[in-house]
$ cat data-v1.pdb   # PDB, C-alpha atoms and all ligand atoms
ATOM      1  CA  MET A  22      65.224 105.904  88.832
ATOM      2  CA  ARG A  23      61.621 105.286  89.789
ATOM      3  CA  LEU A  24      58.889 107.810  89.629
ATOM      4  CA  PRO A  25      56.763 107.972  92.747
ATOM      5  CA  LEU A  26      53.149 106.955  92.404
ATOM      6  CA  LEU A  27      50.860 109.773  93.345
ATOM      7  CA  PRO A  28      47.762 108.467  95.099
ATOM      8  CA  LEU A  29      45.697 111.519  94.159
ATOM      9  CA  LEU A  30      46.867 111.852  90.588
ATOM     10  CA  PRO A  31      43.889 113.356  88.790
ATOM     11  CA  ARG A  32      42.767 111.811  85.559
ATOM     12  CA  ARG A  33      41.956 115.138  84.021
ATOM     13  CA  ARG A  34      44.274 118.098  83.821
ATOM     14  CA  ASP A  35      41.975 119.948  86.166
ATOM     15  CA  ILE A  36      42.936 120.247  89.769
ATOM     16  CA  VAL A  37      40.843 118.273  92.198
ATOM     17  CA  CYS A  38      38.865 119.618  95.146
ATOM     18  CA  GLN A  39      41.508 118.793  97.723
ATOM     19  CA  GLN A  40      44.085 120.715  95.736
ATOM     20  CA  ALA A  41      41.691 123.602  95.299
ATOM     21  CA  VAL A  42      41.102 123.762  99.054
ATOM     22  CA  GLU A  43      44.820 123.901  99.623
ATOM     23  CA  LEU A  44      45.154 126.712  97.084
ATOM     24  CA  VAL A  45      42.380 128.897  98.476
ATOM     25  CA  THR A  46      44.496 130.890 100.910
ATOM     26  CA  ASP A  47      47.251 131.425  98.361
ATOM     27  CA  TYR A  48      44.632 132.472  95.852
ATOM     28  CA  LEU A  49      43.133 135.016  98.223
ATOM     29  CA  GLU A  50      46.587 136.337  99.047
ATOM     30  CA  GLY A  51      47.415 136.656  95.366
ATOM     31  CA  ALA A  52      50.280 134.238  95.883
ATOM     32  CA  LEU A  53      49.424 131.857  93.071
ATOM     33  CA  SER A  54      51.242 131.812  89.792
ATOM     34  CA  ARG A  55      49.190 132.853  86.813
ATOM     35  CA  ALA A  56      48.886 129.253  85.638
ATOM     36  CA  ASP A  57      47.791 128.005  89.057
ATOM     37  CA  ARG A  58      45.328 130.850  89.354
ATOM     38  CA  ARG A  59      43.767 129.976  86.013
ATOM     39  CA  ARG A  60      43.472 126.325  86.930
ATOM     40  CA  PHE A  61      42.004 127.241  90.297
ATOM     41  CA  GLU A  62      39.408 129.522  88.713
ATOM     42  CA  ALA A  63      38.635 126.909  86.078
ATOM     43  CA  HIS A  64      37.967 124.396  88.843
ATOM     44  CA  LEU A  65      35.737 126.850  90.699
ATOM     45  CA  ALA A  66      33.727 127.482  87.549
ATOM     46  CA  GLY A  67      32.658 123.851  87.545
ATOM     47  CA  CYS A  68      32.585 123.138  91.269
ATOM     48  CA  PRO A  69      29.930 124.747  93.482
ATOM     49  CA  HIS A  70      31.482 123.122  96.556
ATOM     50  CA  CYS A  71      34.808 124.879  96.175
ATOM     51  CA  THR A  72      33.023 128.092  95.234
ATOM     52  CA  GLU A  73      31.182 127.842  98.545
ATOM     53  CA  TYR A  74      34.415 127.103 100.373
ATOM     54  CA  LEU A  75      36.064 130.131  98.803
ATOM     55  CA  ALA A  76      33.094 132.271  99.834
ATOM     56  CA  GLN A  77      33.437 131.046 103.403
ATOM     57  CA  MET A  78      37.148 131.799 103.405
ATOM     58  CA  ARG A  79      36.465 135.275 102.052
ATOM     59  CA  ALA A  80      33.933 135.869 104.816
ATOM     60  CA  THR A  81      36.461 134.686 107.402
ATOM     61  CA  ILE A  82      39.072 137.052 106.010
ATOM     62  CA  GLU A  83      36.626 139.934 106.102
ATOM     63  CA  LEU A  84      36.094 139.222 109.790
ATOM     64  CA  THR A  85      39.734 138.779 110.688
ATOM     65  CA  GLY A  86      41.195 141.259 108.245
ATOM     66  CA  ARG A  87      43.684 138.861 106.753
ATOM     67  CA  VAL A  88      44.359 135.275 105.889
ATOM     68  CA  THR A  89      45.353 133.520 109.066
ATOM     69  CA  PRO A  90      46.494 129.954 108.490
ATOM     70  CA  GLU A  91      46.365 129.331 112.223
ATOM     71  CA  GLU A  92      42.607 129.702 111.999
ATOM     72  CA  LEU A  93      42.338 126.911 109.482
ATOM     73  CA  THR A  94      43.104 124.059 111.787
ATOM     74  CA  PRO A  95      43.915 120.546 110.614
ATOM     75  CA  GLN A  96      40.548 119.581 112.043
ATOM     76  CA  MET A  97      38.833 122.068 109.745
ATOM     77  CA  GLN A  98      40.773 120.753 106.787
ATOM     78  CA  ASP A  99      39.802 117.214 107.684
ATOM     79  CA  ALA A 100      36.187 118.258 108.014
ATOM     80  CA  PHE A 101      36.188 119.784 104.569
ATOM     81  CA  ILE A 102      37.884 116.784 103.048
ATOM     82  CA  ALA A 103      35.260 114.566 104.649
ATOM     83  CA  LEU A 104      32.570 116.792 103.169
ATOM     84  CA  TYR A 105      34.107 116.518  99.736
ATOM     85  CA  ARG A 106      34.196 112.765 100.032
ATOM     86  CA  GLN A 107      30.490 112.792 100.842
ATOM     87  CA  TRP A 108      29.728 115.085  97.919
ATOM     88  CA  ARG A 109      31.706 112.894  95.594
ATOM     89  CA  ALA A 110      29.969 109.788  96.883
ATOM     90  CA  ASP A 111      26.634 111.487  96.233
ATOM     91  CA  GLY A 112      27.374 113.160  92.956
ATOM     92  CA  ASP A 113      29.984 111.141  91.152
ATOM     93  CA  GLU A 114      28.547 107.710  91.719
ATOM     94  CA  GLY A 115      28.724 105.657  88.575
ATOM     95  CA  ARG A 116      30.738 108.206  86.669
ATOM     96  CA  GLY A 117      33.971 106.427  87.330
TER      97      GLY A 117
HETATM   98 ZN    ZN B   1      36.036 121.433  93.907
END
$ encode --input "data-v1.pdb" --output "structure tokens" --more "lines below"
Ligand SMILES: [Zn+2]
Amino acid sequence: MRLPLLPLLPRRRDIVCQQAVELVTDYLEGALSRADRRRFEAHLAGCPHCTEYLAQMRATIELTGRVTPEELTPQMQDAFIALYRQWRADGDEGRG
């Protein structure tokens, strides 16, 4: 039996930005497990980008009244992922 190789396997135990983005709606809906919630909040504490993303999602929910996954189109997700790649290229250069 072979274990699959995960291309985005993080080196640290912390979740990575892409995972955090995917967890935002569940987090705002209170759908995360306690462990996931703690990891999510721990990531936010050290990541201003995801904090900003969460703030934007909160603002969207205040406008629409609820979390609407239809509003978060694949294009939006791609745009955010592209942003994160830029941030990482700017901020993590040389840190391995
Ligand atoms: Zn992040």
$ residues_near_ligand --input "data-v1.pdb" --ligand "ligand ZN 1 (chain B)" --cutoff "9 Å" --atoms "all atoms listed in the file" --output "ChimeraX atom specification"
/A:36-42,64-65,67-72,74,105
$ write_last_selection --input "data-v1.pdb" --atoms "C-alpha atoms" --output "compact mmCIF listing (two decimals), in the coordinates of the input"
# COMPACT_ATOMS: atom_id res chain seq x y z
CA ILE A 36 42.94 120.25 89.77
CA VAL A 37 40.84 118.27 92.20
CA CYS A 38 38.86 119.62 95.15
CA GLN A 39 41.51 118.79 97.72
CA GLN A 40 44.08 120.72 95.74
CA ALA A 41 41.69 123.60 95.30
CA VAL A 42 41.10 123.76 99.05
CA HIS A 64 37.97 124.40 88.84
CA LEU A 65 35.74 126.85 90.70
CA GLY A 67 32.66 123.85 87.54
CA CYS A 68 32.58 123.14 91.27
CA PRO A 69 29.93 124.75 93.48
CA HIS A 70 31.48 123.12 96.56
CA CYS A 71 34.81 124.88 96.18
CA THR A 72 33.02 128.09 95.23
CA TYR A 74 34.42 127.10 100.37
CA TYR A 105 34.11 116.52 99.74
$ atom_distance --input "data-v1.pdb" --atom1 "atom CA of Phe61 of chain A" --atom2 "atom CA of Tyr48 of chain A"
8.1 Å
$ atom_distance --input "data-v1.pdb" --atom1 "atom CA of Leu75 of chain A" --atom2 "atom CA of Val45 of chain A"
6.4 Å
$ atom_distance --input "data-v1.pdb" --atom1 "atom CA of Gln98 of chain A" --atom2 "atom CA of Glu50 of chain A"
18.3 Å
$ decode --input "data-v1.pdb" --residues "segment 45-98 of chain A" --atoms "C-alpha atoms" --output "PDB file, in the first residue's frame"
ATOM      1  CA  VAL A  45     -12.954  30.605   6.251  1.00  0.00           C
ATOM      2  CA  THR A  46     -16.585  29.927   5.394  1.00  0.00           C
ATOM      3  CA  ASP A  47     -16.760  26.925   7.702  1.00  0.00           C
ATOM      4  CA  TYR A  48     -15.153  29.002  10.414  1.00  0.00           C
ATOM      5  CA  LEU A  49     -17.693  31.784  10.024  1.00  0.00           C
ATOM      6  CA  GLU A  50     -20.517  29.259  10.044  1.00  0.00           C
ATOM      7  CA  GLY A  51     -19.150  27.656  13.190  1.00  0.00           C
ATOM      8  CA  ALA A  52     -18.784  24.409  11.281  1.00  0.00           C
ATOM      9  CA  LEU A  53     -15.176  23.715  12.184  1.00  0.00           C
ATOM     10  CA  SER A  54     -14.152  21.198  14.767  1.00  0.00           C
ATOM     11  CA  ARG A  55     -12.524  22.633  17.841  1.00  0.00           C
ATOM     12  CA  ALA A  56      -9.094  21.472  16.690  1.00  0.00           C
ATOM     13  CA  ASP A  57      -9.520  22.958  13.218  1.00  0.00           C
ATOM     14  CA  ARG A  58     -10.799  26.182  14.708  1.00  0.00           C
ATOM     15  CA  ARG A  59      -7.751  26.472  16.940  1.00  0.00           C
ATOM     16  CA  ARG A  60      -5.390  25.824  14.065  1.00  0.00           C
ATOM     17  CA  PHE A  61      -7.252  28.321  11.913  1.00  0.00           C
ATOM     18  CA  GLU A  62      -7.064  31.005  14.598  1.00  0.00           C
ATOM     19  CA  ALA A  63      -3.410  30.208  15.220  1.00  0.00           C
ATOM     20  CA  HIS A  64      -2.723  30.735  11.524  1.00  0.00           C
ATOM     21  CA  LEU A  65      -4.625  34.024  11.517  1.00  0.00           C
ATOM     22  CA  ALA A  66      -2.618  35.249  14.490  1.00  0.00           C
ATOM     23  CA  GLY A  67       0.527  35.078  12.391  1.00  0.00           C
ATOM     24  CA  CYS A  68      -0.875  35.878   8.960  1.00  0.00           C
ATOM     25  CA  PRO A  69      -2.164  39.380   8.179  1.00  0.00           C
ATOM     26  CA  HIS A  70      -3.203  38.241   4.698  1.00  0.00           C
ATOM     27  CA  CYS A  71      -5.665  35.660   5.951  1.00  0.00           C
ATOM     28  CA  THR A  72      -6.840  38.062   8.643  1.00  0.00           C
ATOM     29  CA  GLU A  73      -7.652  40.516   5.862  1.00  0.00           C
ATOM     30  CA  TYR A  74      -9.378  37.801   3.866  1.00  0.00           C
ATOM     31  CA  LEU A  75     -11.480  36.847   6.870  1.00  0.00           C
ATOM     32  CA  ALA A  76     -12.413  40.501   7.365  1.00  0.00           C
ATOM     33  CA  GLN A  77     -13.521  40.719   3.748  1.00  0.00           C
ATOM     34  CA  MET A  78     -15.592  37.568   4.095  1.00  0.00           C
ATOM     35  CA  ARG A  79     -17.194  38.941   7.245  1.00  0.00           C
ATOM     36  CA  ALA A  80     -18.066  42.152   5.419  1.00  0.00           C
ATOM     37  CA  THR A  81     -19.575  40.135   2.568  1.00  0.00           C
ATOM     38  CA  ILE A  82     -21.667  38.139   5.015  1.00  0.00           C
ATOM     39  CA  GLU A  83     -22.871  41.307   6.693  1.00  0.00           C
ATOM     40  CA  LEU A  84     -24.069  42.517   3.302  1.00  0.00           C
ATOM     41  CA  THR A  85     -25.692  39.283   2.223  1.00  0.00           C
ATOM     42  CA  GLY A  86     -26.848  38.104   5.618  1.00  0.00           C
ATOM     43  CA  ARG A  87     -25.283  34.690   5.357  1.00  0.00           C
ATOM     44  CA  VAL A  88     -22.427  32.718   3.937  1.00  0.00           C
ATOM     45  CA  THR A  89     -23.197  32.074   0.310  1.00  0.00           C
ATOM     46  CA  PRO A  90     -20.696  29.758  -1.342  1.00  0.00           C
ATOM     47  CA  GLU A  91     -22.148  30.639  -4.728  1.00  0.00           C
ATOM     48  CA  GLU A  92     -20.779  34.131  -4.233  1.00  0.00           C
ATOM     49  CA  LEU A  93     -17.260  32.847  -3.825  1.00  0.00           C
ATOM     50  CA  THR A  94     -16.659  31.841  -7.382  1.00  0.00           C
ATOM     51  CA  PRO A  95     -13.749  29.689  -8.512  1.00  0.00           C
ATOM     52  CA  GLN A  96     -12.414  32.827 -10.150  1.00  0.00           C
ATOM     53  CA  MET A  97     -12.361  34.587  -6.787  1.00  0.00           C
ATOM     54  CA  GLN A  98     -10.608  31.639  -5.212  1.00  0.00           C
TER      55      GLN A  98
END
